[in-house]
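Note: the block below is model.cif and it holds mmCIF, N, CA and C atoms.
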data_start
loop_
_atom_site.group_PDB
_atom_site.id
_atom_site.type_symbol
_atom_site.label_atom_id
_atom_site.label_comp_id
_atom_site.auth_asym_id
_atom_site.auth_seq_id
_atom_site.Cartn_x
_atom_site.Cartn_y
_atom_site.Cartn_z
ATOM 1 N N MET A 43 126.443 60.013 65.160
ATOM 2 C CA MET A 43 125.190 59.800 64.484
ATOM 3 C C MET A 43 124.735 61.140 63.897
ATOM 4 N N ALA A 44 124.309 61.098 62.678
ATOM 5 C CA ALA A 44 123.878 62.318 61.984
ATOM 6 C C ALA A 44 122.510 62.776 62.489
ATOM 7 N N ASP A 45 122.273 64.082 62.458
ATOM 8 C CA ASP A 45 120.973 64.625 62.838
ATOM 9 C C ASP A 45 119.913 64.194 61.842
ATOM 10 N N LEU A 46 118.699 64.022 62.307
ATOM 11 C CA LEU A 46 117.571 63.688 61.443
ATOM 12 C C LEU A 46 117.055 64.956 60.780
ATOM 13 N N THR A 47 116.585 64.817 59.569
ATOM 14 C CA THR A 47 115.980 65.949 58.877
ATOM 15 C C THR A 47 114.457 65.893 58.920
ATOM 16 N N ASN A 48 113.896 64.712 59.260
ATOM 17 C CA ASN A 48 112.454 64.556 59.430
ATOM 18 C C ASN A 48 112.208 63.340 60.315
ATOM 19 N N LEU A 49 110.967 63.096 60.642
ATOM 20 C CA LEU A 49 110.618 61.993 61.541
ATOM 21 C C LEU A 49 110.066 60.774 60.815
ATOM 22 N N ASP A 50 110.201 60.725 59.492
ATOM 23 C CA ASP A 50 109.639 59.627 58.702
ATOM 24 C C ASP A 50 110.196 58.263 59.088
ATOM 25 N N SER A 51 111.447 58.209 59.518
ATOM 26 C CA SER A 51 112.068 56.919 59.824
ATOM 27 C C SER A 51 111.908 56.524 61.296
ATOM 28 N N ILE A 52 111.179 57.321 62.062
ATOM 29 C CA ILE A 52 110.995 57.053 63.486
ATOM 30 C C ILE A 52 109.666 56.342 63.704
ATOM 31 N N ALA A 53 109.710 55.254 64.460
ATOM 32 C CA ALA A 53 108.491 54.516 64.776
ATOM 33 C C ALA A 53 108.496 54.212 66.270
ATOM 34 N N GLY A 54 107.340 54.089 66.838
ATOM 35 C CA GLY A 54 107.256 53.768 68.259
ATOM 36 C C GLY A 54 105.817 53.511 68.655
ATOM 37 N N LYS A 55 105.669 53.141 69.905
ATOM 38 C CA LYS A 55 104.348 52.865 70.455
ATOM 39 C C LYS A 55 104.002 53.936 71.477
ATOM 40 N N GLU A 56 102.725 54.044 71.775
ATOM 41 C CA GLU A 56 102.261 54.959 72.821
ATOM 42 C C GLU A 56 102.898 54.542 74.144
ATOM 43 N N LEU A 57 103.185 55.527 74.981
ATOM 44 C CA LEU A 57 103.705 55.227 76.313
ATOM 45 C C LEU A 57 102.613 54.563 77.151
ATOM 46 N N THR A 58 103.016 53.621 77.986
ATOM 47 C CA THR A 58 102.059 52.981 78.886
ATOM 48 C C THR A 58 101.915 53.829 80.151
ATOM 49 N N THR A 59 100.891 53.538 80.921
ATOM 50 C CA THR A 59 100.688 54.232 82.193
ATOM 51 C C THR A 59 101.908 54.068 83.086
ATOM 52 N N SER A 60 102.446 52.857 83.159
ATOM 53 C CA SER A 60 103.622 52.603 83.998
ATOM 54 C C SER A 60 104.834 53.395 83.528
ATOM 55 N N GLN A 61 105.014 53.504 82.224
ATOM 56 C CA GLN A 61 106.146 54.268 81.699
ATOM 57 C C GLN A 61 106.014 55.751 82.051
ATOM 58 N N ILE A 62 104.812 56.292 81.895
ATOM 59 C CA ILE A 62 104.594 57.704 82.221
ATOM 60 C C ILE A 62 104.806 57.936 83.715
ATOM 61 N N GLN A 63 104.324 57.019 84.555
ATOM 62 C CA GLN A 63 104.527 57.160 85.995
ATOM 63 C C GLN A 63 106.017 57.098 86.335
ATOM 64 N N GLY A 64 106.783 56.265 85.635
ATOM 65 C CA GLY A 64 108.225 56.195 85.837
ATOM 66 C C GLY A 64 108.916 57.487 85.441
ATOM 67 N N ILE A 65 108.480 58.080 84.341
ATOM 68 C CA ILE A 65 109.039 59.367 83.899
ATOM 69 C C ILE A 65 108.740 60.447 84.936
ATOM 70 N N LEU A 66 107.516 60.462 85.443
ATOM 71 C CA LEU A 66 107.140 61.442 86.464
ATOM 72 C C LEU A 66 107.974 61.263 87.739
ATOM 73 N N GLN A 67 108.245 60.025 88.121
ATOM 74 C CA GLN A 67 109.080 59.779 89.294
ATOM 75 C C GLN A 67 110.498 60.298 89.069
ATOM 76 N N GLN A 68 111.032 60.106 87.874
ATOM 77 C CA GLN A 68 112.376 60.602 87.577
ATOM 78 C C GLN A 68 112.405 62.127 87.595
ATOM 79 N N ILE A 69 111.379 62.748 87.024
ATOM 80 C CA ILE A 69 111.297 64.212 87.049
ATOM 81 C C ILE A 69 111.207 64.709 88.493
ATOM 82 N N ASP A 70 110.371 64.055 89.312
ATOM 83 C CA ASP A 70 110.254 64.457 90.717
ATOM 84 C C ASP A 70 111.587 64.325 91.444
ATOM 85 N N LEU A 71 112.330 63.256 91.162
ATOM 86 C CA LEU A 71 113.645 63.072 91.767
ATOM 87 C C LEU A 71 114.596 64.177 91.337
ATOM 88 N N ASP A 72 114.586 64.512 90.049
ATOM 89 C CA ASP A 72 115.453 65.583 89.547
ATOM 90 C C ASP A 72 115.094 66.927 90.170
ATOM 91 N N ILE A 73 113.791 67.204 90.311
ATOM 92 C CA ILE A 73 113.363 68.453 90.941
ATOM 93 C C ILE A 73 113.844 68.497 92.391
ATOM 94 N N THR A 74 113.667 67.397 93.108
ATOM 95 C CA THR A 74 114.100 67.341 94.506
ATOM 96 C C THR A 74 115.600 67.564 94.622
ATOM 97 N N ASN A 75 116.382 66.898 93.780
ATOM 98 C CA ASN A 75 117.839 67.062 93.816
ATOM 99 C C ASN A 75 118.247 68.482 93.442
ATOM 100 N N LEU A 76 117.563 69.064 92.489
ATOM 101 C CA LEU A 76 117.888 70.424 92.057
ATOM 102 C C LEU A 76 117.598 71.424 93.181
ATOM 103 N N VAL A 77 116.449 71.267 93.816
ATOM 104 C CA VAL A 77 116.070 72.168 94.901
ATOM 105 C C VAL A 77 116.990 71.984 96.110
ATOM 106 N N ARG A 78 117.412 70.750 96.350
ATOM 107 C CA ARG A 78 118.286 70.462 97.492
ATOM 108 C C ARG A 78 119.752 70.692 97.153
ATOM 109 N N ASP A 79 120.028 71.345 96.039
ATOM 110 C CA ASP A 79 121.393 71.623 95.599
ATOM 111 C C ASP A 79 122.127 70.353 95.210
ATOM 112 N N GLY A 80 121.391 69.383 94.684
ATOM 113 C CA GLY A 80 122.013 68.147 94.220
ATOM 114 C C GLY A 80 122.855 68.411 92.984
ATOM 115 N N LYS A 81 124.074 68.039 93.030
ATOM 116 C CA LYS A 81 125.003 68.323 91.933
ATOM 117 C C LYS A 81 124.680 67.521 90.671
ATOM 118 N N LEU A 82 124.292 66.261 90.832
ATOM 119 C CA LEU A 82 124.058 65.424 89.659
ATOM 120 C C LEU A 82 122.856 65.882 88.854
ATOM 121 N N SER A 83 121.776 66.254 89.524
ATOM 122 C CA SER A 83 120.586 66.689 88.799
ATOM 123 C C SER A 83 120.859 67.951 87.997
ATOM 124 N N ALA A 84 121.526 68.902 88.606
ATOM 125 C CA ALA A 84 121.804 70.153 87.906
ATOM 126 C C ALA A 84 122.702 69.922 86.697
ATOM 127 N N MET A 85 123.647 69.014 86.800
ATOM 128 C CA MET A 85 124.574 68.774 85.692
ATOM 129 C C MET A 85 123.876 68.134 84.490
ATOM 130 N N LYS A 86 122.801 67.394 84.723
ATOM 131 C CA LYS A 86 122.061 66.794 83.606
ATOM 132 C C LYS A 86 121.527 67.872 82.667
ATOM 133 N N TYR A 87 121.265 69.035 83.231
ATOM 134 C CA TYR A 87 120.646 70.099 82.460
ATOM 135 C C TYR A 87 121.589 71.279 82.283
ATOM 136 N N SER A 88 122.871 70.994 82.206
ATOM 137 C CA SER A 88 123.864 72.066 82.056
ATOM 138 C C SER A 88 124.277 72.201 80.596
ATOM 139 N N VAL A 89 124.888 73.321 80.301
ATOM 140 C CA VAL A 89 125.391 73.569 78.949
ATOM 141 C C VAL A 89 126.860 73.982 79.037
ATOM 142 N N PRO A 90 127.648 73.618 78.036
ATOM 143 C CA PRO A 90 129.046 74.028 78.078
ATOM 144 C C PRO A 90 129.171 75.547 77.928
ATOM 145 N N GLY A 91 130.089 76.122 78.677
ATOM 146 C CA GLY A 91 130.325 77.560 78.605
ATOM 147 C C GLY A 91 131.807 77.847 78.693
ATOM 148 N N ASN A 92 132.165 79.109 78.709
ATOM 149 C CA ASN A 92 133.572 79.502 78.772
ATOM 150 C C ASN A 92 134.247 79.005 80.046
ATOM 151 N N ALA A 93 133.480 78.897 81.121
ATOM 152 C CA ALA A 93 134.039 78.455 82.403
ATOM 153 C C ALA A 93 133.754 76.980 82.654
ATOM 154 N N GLY A 94 133.481 76.231 81.617
ATOM 155 C CA GLY A 94 133.123 74.819 81.777
ATOM 156 C C GLY A 94 131.614 74.663 81.756
ATOM 157 N N GLN A 95 131.117 73.645 82.434
ATOM 158 C CA GLN A 95 129.680 73.416 82.492
ATOM 159 C C GLN A 95 129.028 74.487 83.357
ATOM 160 N N SER A 96 127.948 75.054 82.885
ATOM 161 C CA SER A 96 127.224 76.038 83.681
ATOM 162 C C SER A 96 125.742 75.705 83.655
ATOM 163 N N THR A 97 125.052 76.073 84.700
ATOM 164 C CA THR A 97 123.627 75.784 84.794
ATOM 165 C C THR A 97 122.870 77.028 85.227
ATOM 166 N N ASP A 98 121.644 77.086 84.854
ATOM 167 C CA ASP A 98 120.731 78.125 85.311
ATOM 168 C C ASP A 98 119.640 77.376 86.071
ATOM 169 N N ARG A 99 119.739 77.393 87.393
ATOM 170 C CA ARG A 99 118.848 76.585 88.221
ATOM 171 C C ARG A 99 117.374 76.947 88.003
ATOM 172 N N ALA A 100 117.067 78.222 87.855
ATOM 173 C CA ALA A 100 115.675 78.633 87.651
ATOM 174 C C ALA A 100 115.144 78.099 86.322
ATOM 175 N N SER A 101 115.961 78.169 85.280
ATOM 176 C CA SER A 101 115.547 77.640 83.976
ATOM 177 C C SER A 101 115.392 76.130 84.034
ATOM 178 N N ASN A 102 116.307 75.470 84.736
ATOM 179 C CA ASN A 102 116.209 74.017 84.882
ATOM 180 C C ASN A 102 114.916 73.633 85.591
ATOM 181 N N LEU A 103 114.610 74.333 86.681
ATOM 182 C CA LEU A 103 113.392 74.038 87.427
ATOM 183 C C LEU A 103 112.161 74.298 86.570
ATOM 184 N N SER A 104 112.159 75.380 85.836
ATOM 185 C CA SER A 104 111.037 75.705 84.946
ATOM 186 C C SER A 104 110.843 74.623 83.884
ATOM 187 N N ALA A 105 111.944 74.161 83.301
ATOM 188 C CA ALA A 105 111.870 73.114 82.273
ATOM 189 C C ALA A 105 111.361 71.800 82.863
ATOM 190 N N LEU A 106 111.832 71.448 84.051
ATOM 191 C CA LEU A 106 111.370 70.222 84.693
ATOM 192 C C LEU A 106 109.891 70.299 85.045
ATOM 193 N N LEU A 107 109.442 71.447 85.549
ATOM 194 C CA LEU A 107 108.034 71.604 85.879
ATOM 195 C C LEU A 107 107.154 71.559 84.630
ATOM 196 N N ALA A 108 107.637 72.123 83.532
ATOM 197 C CA ALA A 108 106.890 72.065 82.266
ATOM 198 C C ALA A 108 106.805 70.626 81.763
ATOM 199 N N ALA A 109 107.909 69.894 81.874
ATOM 200 C CA ALA A 109 107.906 68.484 81.452
ATOM 201 C C ALA A 109 106.964 67.675 82.333
ATOM 202 N N ARG A 110 106.979 67.959 83.632
ATOM 203 C CA ARG A 110 106.093 67.244 84.560
ATOM 204 C C ARG A 110 104.632 67.501 84.202
ATOM 205 N N ASP A 111 104.302 68.754 83.908
ATOM 206 C CA ASP A 111 102.947 69.114 83.518
ATOM 207 C C ASP A 111 102.531 68.375 82.243
ATOM 208 N N HIS A 112 103.446 68.298 81.275
ATOM 209 C CA HIS A 112 103.169 67.604 80.014
ATOM 210 C C HIS A 112 102.837 66.128 80.264
ATOM 211 N N TYR A 113 103.659 65.447 81.079
ATOM 212 C CA TYR A 113 103.428 64.026 81.317
ATOM 213 C C TYR A 113 102.202 63.786 82.196
ATOM 214 N N LEU A 114 101.875 64.706 83.092
ATOM 215 C CA LEU A 114 100.637 64.580 83.857
ATOM 216 C C LEU A 114 99.419 64.680 82.945
ATOM 217 N N LYS A 115 99.490 65.569 81.952
ATOM 218 C CA LYS A 115 98.383 65.687 80.998
ATOM 219 C C LYS A 115 98.252 64.417 80.169
ATOM 220 N N LEU A 116 99.389 63.832 79.754
ATOM 221 C CA LEU A 116 99.334 62.560 79.022
ATOM 222 C C LEU A 116 98.688 61.482 79.879
ATOM 223 N N LEU A 117 99.086 61.419 81.141
ATOM 224 C CA LEU A 117 98.551 60.412 82.048
ATOM 225 C C LEU A 117 97.055 60.611 82.252
ATOM 226 N N SER A 118 96.628 61.844 82.404
ATOM 227 C CA SER A 118 95.211 62.145 82.607
ATOM 228 C C SER A 118 94.375 61.835 81.371
ATOM 229 N N ALA A 119 94.970 61.918 80.205
ATOM 230 C CA ALA A 119 94.239 61.690 78.956
ATOM 231 C C ALA A 119 94.116 60.206 78.613
ATOM 232 N N MET A 120 94.846 59.359 79.333
ATOM 233 C CA MET A 120 94.797 57.929 79.021
ATOM 234 C C MET A 120 93.461 57.349 79.453
ATOM 235 N N PRO A 121 92.954 56.402 78.673
ATOM 236 C CA PRO A 121 91.699 55.761 79.070
ATOM 237 C C PRO A 121 91.910 54.958 80.352
ATOM 238 N N SER A 122 90.903 54.916 81.168
ATOM 239 C CA SER A 122 91.003 54.137 82.402
ATOM 240 C C SER A 122 89.708 53.383 82.630
ATOM 241 N N TRP A 123 89.830 52.359 83.406
ATOM 242 C CA TRP A 123 88.671 51.545 83.730
ATOM 243 C C TRP A 123 88.435 51.606 85.227
ATOM 244 N N SER A 124 87.204 51.695 85.594
ATOM 245 C CA SER A 124 86.829 51.649 87.002
ATOM 246 C C SER A 124 85.761 50.582 87.143
ATOM 247 N N THR A 125 86.034 49.613 87.982
ATOM 248 C CA THR A 125 85.062 48.542 88.171
ATOM 249 C C THR A 125 84.589 48.532 89.611
ATOM 250 N N SER A 126 83.386 48.126 89.787
ATOM 251 C CA SER A 126 82.830 47.989 91.141
ATOM 252 C C SER A 126 81.888 46.797 91.156
ATOM 253 N N GLN A 127 81.610 46.345 92.345
ATOM 254 C CA GLN A 127 80.719 45.204 92.485
ATOM 255 C C GLN A 127 79.674 45.566 93.520
ATOM 256 N N ALA A 128 78.421 45.432 93.144
ATOM 257 C CA ALA A 128 77.347 45.763 94.069
ATOM 258 C C ALA A 128 77.075 44.573 94.981
ATOM 259 N N SER A 129 76.744 44.883 96.195
ATOM 260 C CA SER A 129 76.369 43.846 97.152
ATOM 261 C C SER A 129 74.845 43.740 97.149
ATOM 262 N N LEU A 130 74.352 42.531 97.054
ATOM 263 C CA LEU A 130 72.897 42.323 97.009
ATOM 264 C C LEU A 130 72.334 41.981 98.381
ATOM 265 N N ASP A 131 73.096 42.208 99.418
ATOM 266 C CA ASP A 131 72.627 41.893 100.778
ATOM 267 C C ASP A 131 71.606 42.860 101.267
#

Can you present the structure in this file as structure tokens?
Amino acid sequence: MADLTNLDSIAGKELTTSQIQGILQQIDLDITNLVRDGKLSAMKYSVPGNAGQSTDRASNLSALLAARDHYLKLLSAMPSWSTSQASLD
């Protein structure tokens, strides 16, 4: 697939609360696996090098934490409803 030169042909909808919460759960899982020396999480964020795939764990953790912060801000900015019912007793 060819690279895009602009975003004119891209369309989509706003993420839902459930979708953002799912993304945050995946990020949390990746952070946990990365910190626990999980091989699969680190490989998701690896780059090809002379010795094969290589990773920079600190950079990976920093990127995951930045992504987590971004999605938390999106979640916090979403409108929410709070309902309550008063008791007349």

### Query
Of the candidates A:Met120, A:Leu130, A:Leu76, A:Leu107, which one gets nearest to Ser60 (chain A) if we count only C-alpha atoms?
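Looking only at the distances to Ser60 (chain A), the closest residue turns out to be A:Met120.
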
### Message
Using only N, CA and C atoms, can you tell me which of A:Ala119, A:Asn48, A:Leu103, A:Lys55 comes closest to Val77 (chain A)?
### Response
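The closest residue to Val77 (chain A) is A:Leu103.
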
### Task
Might you pull out every residue within 8 Å of Tyr113 (chain A), with only N, CA and C atoms counted and same-chain residues fewer than 3 positions away left off, and present them as a VMD selection string?
chain A and resid 62 to 63 65 to 66 107 to 110 116 to 119

### Top pick for closest residue to Asn102 (chain A), considering A:Met43, A:Ile73, A:Thr59, A:Asp50 and counting all atoms listed in the file
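Of A:Met43, A:Ile73, A:Thr59, A:Asp50, the one nearest Asn102 (chain A) is A:Ile73, counting all atoms listed in the file.
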
### Task
Have a look at CA of Gln67 (chain A) and CA of Asp111 (chain A) and let me know their distance in Å, one decimal.
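Interatomic distance, CA of Gln67 (chain A) to CA of Asp111 (chain A): 12.6 Å.
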
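As for atom C of Ile69 (chain A) and atom C of Ala105 (chain A), they are spaced 9.1 Å apart.
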
#### Entry: Between atom C of His112 (chain A) and atom C of Asp98 (chain A) - distance in Å to one decimal
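Spanning atom C of Asp98 (chain A) to atom C of His112 (chain A) is a straight-line distance of 21.0 Å.
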